[in-house]
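Down below is the structure, laid out as structure tokens.
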Number of protein chains: 2
Amino acid sequence: MEKETTIYDIAKGLGVSPATVSRALNNSPVVNKETRQKVFDTATEMGYRSNMFASNLRRKRTHTLGVIVPRLNSHFMSSVIAGMEKVANEAGYNLLISQSLETAKKEAANVMAMFNSRVDGLLVSLAYNTEDISHFSPFIKKGIPLLFFDRVAEHPKCTSIVIDNMQAAHKATSHLVAQGCTNIVHITGNLKRNVYADRLKGYKYALIDNELPFDDSFIISNDLSEEAGMEAAGEILKMNPLPDGVFVANDACAVGCMKILKQAGISIPKDIAIVGFNNDPVSRVIEPNLTTVNNPGHKMGEVAVRNLIIHLDGFSDIVAMNTITLNSELIIRESSLRKG
Amino acid sequence: MEKETTIYDIAKGLGVSPATVSRALNNSPVVNKETRQKVFDTATEMGYRSNMFASNLRRKRTHTLGVIVPRLNSHFMSSVIAGMEKVANEAGYNLLISQSLETAKKEAANVMAMFNSRVDGLLVSLAYNTEDISHFSPFIKKGIPLLFFDRVAEHPKCTSIVIDNMQAAHKATSHLVAQGCTNIVHITGNLKRNVYADRLKGYKYALIDNELPFDDSFIISNDLSEEAGMEAAGEILKMNPLPDGVFVANDACAVGCMKILKQAGISIPKDIAIVGFNNDPVSRVIEPNLTTVNNPGHKMGEVAVRNLIIHLDGFSDIVAMNTITLNSELIIRESSLRKG
DNA sequence: TATTATATTGAAACCGATTGCAGTATTTTG
DNA sequence: CAAAATACTGCAATCGGTTTCAATATAATA
């Protein structure tokens, strides 16, 4: 196990000082071009690699971004992460990723771990049951940039990256109405999370705008898992009269719901039209194919990291914009098409 | 932006030396229990957090594991990552994750990045077109543990975590035979990757063991995407006589294949029985539900990281086992059930 | 030619935790 | 009571870059 070469070795081998080597390796303009070239040459020759700890210790920058997500293994989230990784990698940043497994407790623990790892910035999508964001205060106090995406929290110092959930839900619901639905059930998650609260609002306003009654008893709230969707379908089947449309806040739950409805002999979309949310791969597999809202996860990840890095590199000391909204669009498939 | 507190601050505030503070914080047995308690108290009181760079610089350990995967946004891979994250987090390790996007070039770049980040160990699943593993030599030369999972490479110094792909494929194929199939097509990926080569072997030996002919023209090789599956279905439809079974090396491709076959009026499983691989969520959504091999991604991630950490913590200086094989099982669903 | 500006380099002090070695105080043993 | 063992604690070097400040050499200007 040979020893690591350091700038001191390079310096000795070249008869210059470590200071010069350091400057040369960092492309400092003050060092002579020939010297720099010589340094680079011997560096590669000796198999030198920079010791990031020494560097970080001195510079107090880690070039590492923390990411906390509820779960890694959903299509949407892994797309987000993929987008983040792409941009971060290109910009020379590392990603430290952890999952809260949907609990506020683990989220708080992860936040502290990230804090102790001294990440340069933190990207967060909140857990299902996070009540308040006081556990992020170490970051806010220290002025370390904190950025929320998808499941966001309001905070004057934090940027949020979202889609317009209300508008998307409005479109989805209006689409159902346009297809002739008048009794539309909405299945949603924890209303403390903006994404679900906003989708509910969009649903509600769409009904109102279309002069349909809004009825609390048409709202089913659960954890949006596939199993929960199956249970929700059971409830729907008991309703009298039977609803003729269902807008579900994610695709997994919509799929579970569809499975049971189909088993019960309901024809989709003829008896009940269904719209999901996220555009997960399953939405193009279930039969009939699921109408859904495309949630641009990959792009969201890219935008989030790019934004954070720009901020870190000091190019936008201006007032960081507080909310960035990405476009999403309704993808209409057979599960909701009752006309033409 | 208040200044960071260091062990020096704690030392000063307590009238002891930094050395004692360091030892106390690391639970060294030599320091007096009362002293230790006092150190811990003032540490929390002053809002101390350890500076990992200083510590890493001195100890030459990063407590960070590198992970390189082909893509993050597949169900299998995100499950693996989730499992890894769980174990790593519990053991106080960080995860540095990057994706090769299935190209050997980016894989090599990521390896170097990991090397320069001085990860304590590296976990890799190879890219689609990686030809040799010479780009890992910096790790091997330096004796930094390198562990492959799923898509592995043979190397005397590296541990591999896999499932028994050959056996799984053998079971899958034999199952098709047991269902009365005699003309079985196999759709596979790049045969340089063990997973696909082994699945092909399993398919082949199953045919032989069941006294069916093995025919090269029944092998379709592509990139296993859903689109590729659709194209493959086109080829299958042109075959004369029409095959009565298809074993596909992953679920996404199997799904694409099924879509086209169904469109063409083929009845699954009556005309053609189908088996996939991985047990992706789509396999329980497509109709008929897809028979597939359960690939325990989450567990694979857990085992990989646990193994690596045990190795790093020096508990298994013995001869590290070279291959760990996890169990997988065939999950039989309607897409292949022609009897009983 | 003397003076000033410019270019390039080096010495040494950091950054913050860890650890070998030595020192002191207290307790145990002979 | 002296000698030896035990229990803590502190000093100071170390890890490997970065950066301030001063020094020297060379070129430009008066």
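The way I read the labels, and the way they are meant: chains A, B, ... in the order of the structure tokens, residue 1 as the first residue of every chain, and ligand 1 as the first ligand shown, with later ones counted on from there.
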Counting only C-alpha atoms (C1' of nucleotides), which residues of chain D fall within 8 Å of chain A, and what is the closest atom pair for each with its distance in Å at one decimal, ordered by chain and rising number, as a tab-separated table?
```
residue	atom	partner	partner_atom	distance
D:DC15	C1'	A:Ala54	CA	7.8
D:DG16	C1'	A:Ala54	CA	5.1
D:DG17	C1'	A:Ser55	CA	5.0
D:DT18	C1'	A:Arg58	CA	6.1
```
Write out the residues from the selection above, keeping N, CA and C atoms (P, O5', C5', C4', C3', O3' and C1' of nucleotides), as a compact mmCIF listing (two decimals), in the first residue's frame.
```txt
# COMPACT_ATOMS: atom_id res chain seq x y z
P DC D 15 2.52 13.77 8.96
O5' DC D 15 1.05 13.78 8.36
C5' DC D 15 0.08 12.81 8.75
C4' DC D 15 -1.29 13.32 8.36
C3' DC D 15 -1.26 14.12 7.07
O3' DC D 15 -1.60 13.28 5.99
C1' DC D 15 -2.59 15.19 8.79
P DG D 16 -0.68 13.34 4.70
O5' DG D 16 -1.21 14.65 3.96
C5' DG D 16 -2.52 14.65 3.46
C4' DG D 16 -2.88 16.03 3.00
C3' DG D 16 -1.92 16.61 1.95
O3' DG D 16 -2.73 17.24 0.99
C1' DG D 16 -2.21 18.13 3.69
P DG D 17 -2.22 17.40 -0.47
O5' DG D 17 -3.18 18.54 -1.03
C5' DG D 17 -2.83 19.86 -0.76
C4' DG D 17 -4.02 20.57 -0.19
C3' DG D 17 -4.12 21.97 -0.74
O3' DG D 17 -5.46 22.36 -0.94
C1' DG D 17 -3.68 22.03 1.60
P DT D 18 -5.77 23.56 -1.88
O5' DT D 18 -5.68 24.81 -0.88
C5' DT D 18 -6.66 24.92 0.12
C4' DT D 18 -6.47 26.21 0.88
C3' DT D 18 -6.32 27.48 0.03
O3' DT D 18 -7.14 28.44 0.63
C1' DT D 18 -4.55 27.33 1.59
```
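Residues of stretch 131-271 of chain B that DSSP places in strand (DSSP E or B), based on the backbone of this structure, are B:Leu146, B:Leu147, B:Phe148, B:Phe149, B:Thr159, B:Ser160, B:Ile161, B:Val162, B:Ile163, B:Ile184, B:Val185, B:His186, B:Ile187, B:Thr188, B:Ile219, B:Ile220, B:Ser221, B:Gly245, B:Val246, B:Phe247, B:Val248.
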Using only C-alpha atoms (C1' of nucleotides): which of C:DT18, C:DT3, C:DT9, C:DT28 has the shortest distance to chain A: C:DT9
Neighbours of chain B in chain C at 10 Å, counting only C-alpha atoms (C1' of nucleotides), as a VMD selection string: chain C and resid 15 to 19
Per residue of chain B within 9 Å of chain A, note the shortest atom pair and the distance in Å to one decimal, counting only C-alpha atoms, and order the rows by chain and increasing residue number, as CSV.
```
residue,atom,partner,partner_atom,distance
B:Met1,CA,A:Lys142,CA,5.6
B:Glu2,CA,A:Lys142,CA,7.2
B:Arg49,CA,A:Asn116,CA,6.1
B:Ser50,CA,A:Asn116,CA,6.8
B:Asn51,CA,A:Asn116,CA,7.5
B:Met52,CA,A:Ser117,CA,6.7
B:Phe53,CA,A:Phe53,CA,4.7
B:Ala54,CA,A:Leu57,CA,6.1
B:Ser55,CA,A:Phe53,CA,8.6
B:Asn56,CA,A:Phe53,CA,6.5
B:Leu57,CA,A:Phe53,CA,5.4
B:Thr62,CA,A:Phe53,CA,8.8
B:Arg71,CA,A:Ala82,CA,7.5
B:Leu72,CA,A:Ala82,CA,5.8
B:Asn73,CA,A:Ser78,CA,4.6
B:Ser74,CA,A:His75,CA,7.2
B:His75,CA,A:Asn73,CA,6.3
B:Phe76,CA,A:Asn73,CA,8.3
B:Met77,CA,A:Asn73,CA,8.1
B:Ser78,CA,A:Asn73,CA,4.7
B:Ser79,CA,A:Asn73,CA,5.4
B:Val80,CA,A:Asn73,CA,8.6
B:Ile81,CA,A:Leu72,CA,7.3
B:Ala82,CA,A:Leu72,CA,5.8
B:Glu85,CA,A:Ser98,CA,6.3
B:Lys86,CA,A:Gln99,CA,8.1
B:Asn89,CA,A:Ser98,CA,7.8
B:Gly92,CA,A:Ala113,CA,8.8
B:Asn94,CA,A:Leu96,CA,6.8
B:Leu95,CA,A:Leu96,CA,5.9
B:Leu96,CA,A:Leu96,CA,5.5
B:Ile97,CA,A:Leu95,CA,6.5
B:Ser98,CA,A:Glu85,CA,6.3
B:Gln99,CA,A:Glu85,CA,7.5
B:Asn110,CA,A:Asn89,CA,8.6
B:Ala113,CA,A:Gly92,CA,8.8
B:Phe115,CA,A:Arg49,CA,8.6
B:Asn116,CA,A:Arg49,CA,6.2
B:Ser117,CA,A:Met52,CA,6.7
B:Arg118,CA,A:Asn51,CA,8.0
B:Lys141,CA,A:Met1,CA,7.4
B:Lys142,CA,A:Met1,CA,5.6
B:Gly143,CA,A:Met1,CA,6.8
B:Val255,CA,A:Val285,CA,7.6
B:Gly256,CA,A:Val285,CA,8.9
B:Lys259,CA,A:Val285,CA,8.2
B:Pro281,CA,A:Val282,CA,7.5
B:Val282,CA,A:Val282,CA,5.5
B:Val285,CA,A:Ile286,CA,5.5
B:Ile286,CA,A:Val285,CA,5.5
B:Glu287,CA,A:Glu287,CA,7.3
```
Residue list (alpha helix (DSSP H), DSSP) for stretch 152-303 of chain A, as a VMD selection string: chain A and resid 165 to 178 194 to 209 226 to 238 251 to 263 297 to 303
For B:Ala108: contacts at 12 Å, only C-alpha atoms (C1' of nucleotides), fewer than 6 positions along chain excluded, given as a list in words: Ile68, Val69, Pro70, Ser98, Gln99, Ser100, Leu101, Glu102, Met114, Phe115, Val124, Leu126, Ala127, Asn129, Thr130, Glu131, Asp132, Ile133, Ser134, His135, Phe136, Ser137, Pro138 and Phe139 of chain B
Non-local contacts of D:DC11 (10 Å; only C-alpha atoms (C1' of nucleotides); under 3 positions in same chain excluded) as an MDAnalysis selection string: (chainID B and resid 17 19) or (chainID C and resid 21:23)
A:His175, A:Ala168, A:Asp41, A:Lys270 ranked by distance to A:Thr325, top pick (using only C-alpha atoms): A:Ala168
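Those residues that approach C:DA7 to within 12 Å, counting only C-alpha atoms (C1' of nucleotides), are Pro29, Val30, Val31, Asn32 and Lys33 of chain A; DT24, DA25, DT26 and DA27 of chain D; same-chain residues fewer than 5 positions away are not listed.
Take atom CA of B:Thr291 and atom CA of B:Gly229: the distance between them is 16.0 Å.
Between atom CA of A:Ile272 and atom CA of A:Ile187 the separation is 14.0 Å.
Atom pair atom CA of A:Ala43 / atom CA of A:His63: separated by 22.4 Å.
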Who sits within 10 Å of A:Arg199, only C-alpha atoms (C1' of nucleotides), same chain under 2 positions skipped, as a list in words: Asp164, Asn165, Met166, Gln167, Ala168, Ala169, His170, Ala172, Thr173, His186, Ile187, Thr188, Gly189, Leu191, Asn194, Val195, Tyr196, Ala197, Lys201, Gly202, Tyr203, Lys204, Tyr205, Phe247, Val248, Ala249 and Phe277 of chain A
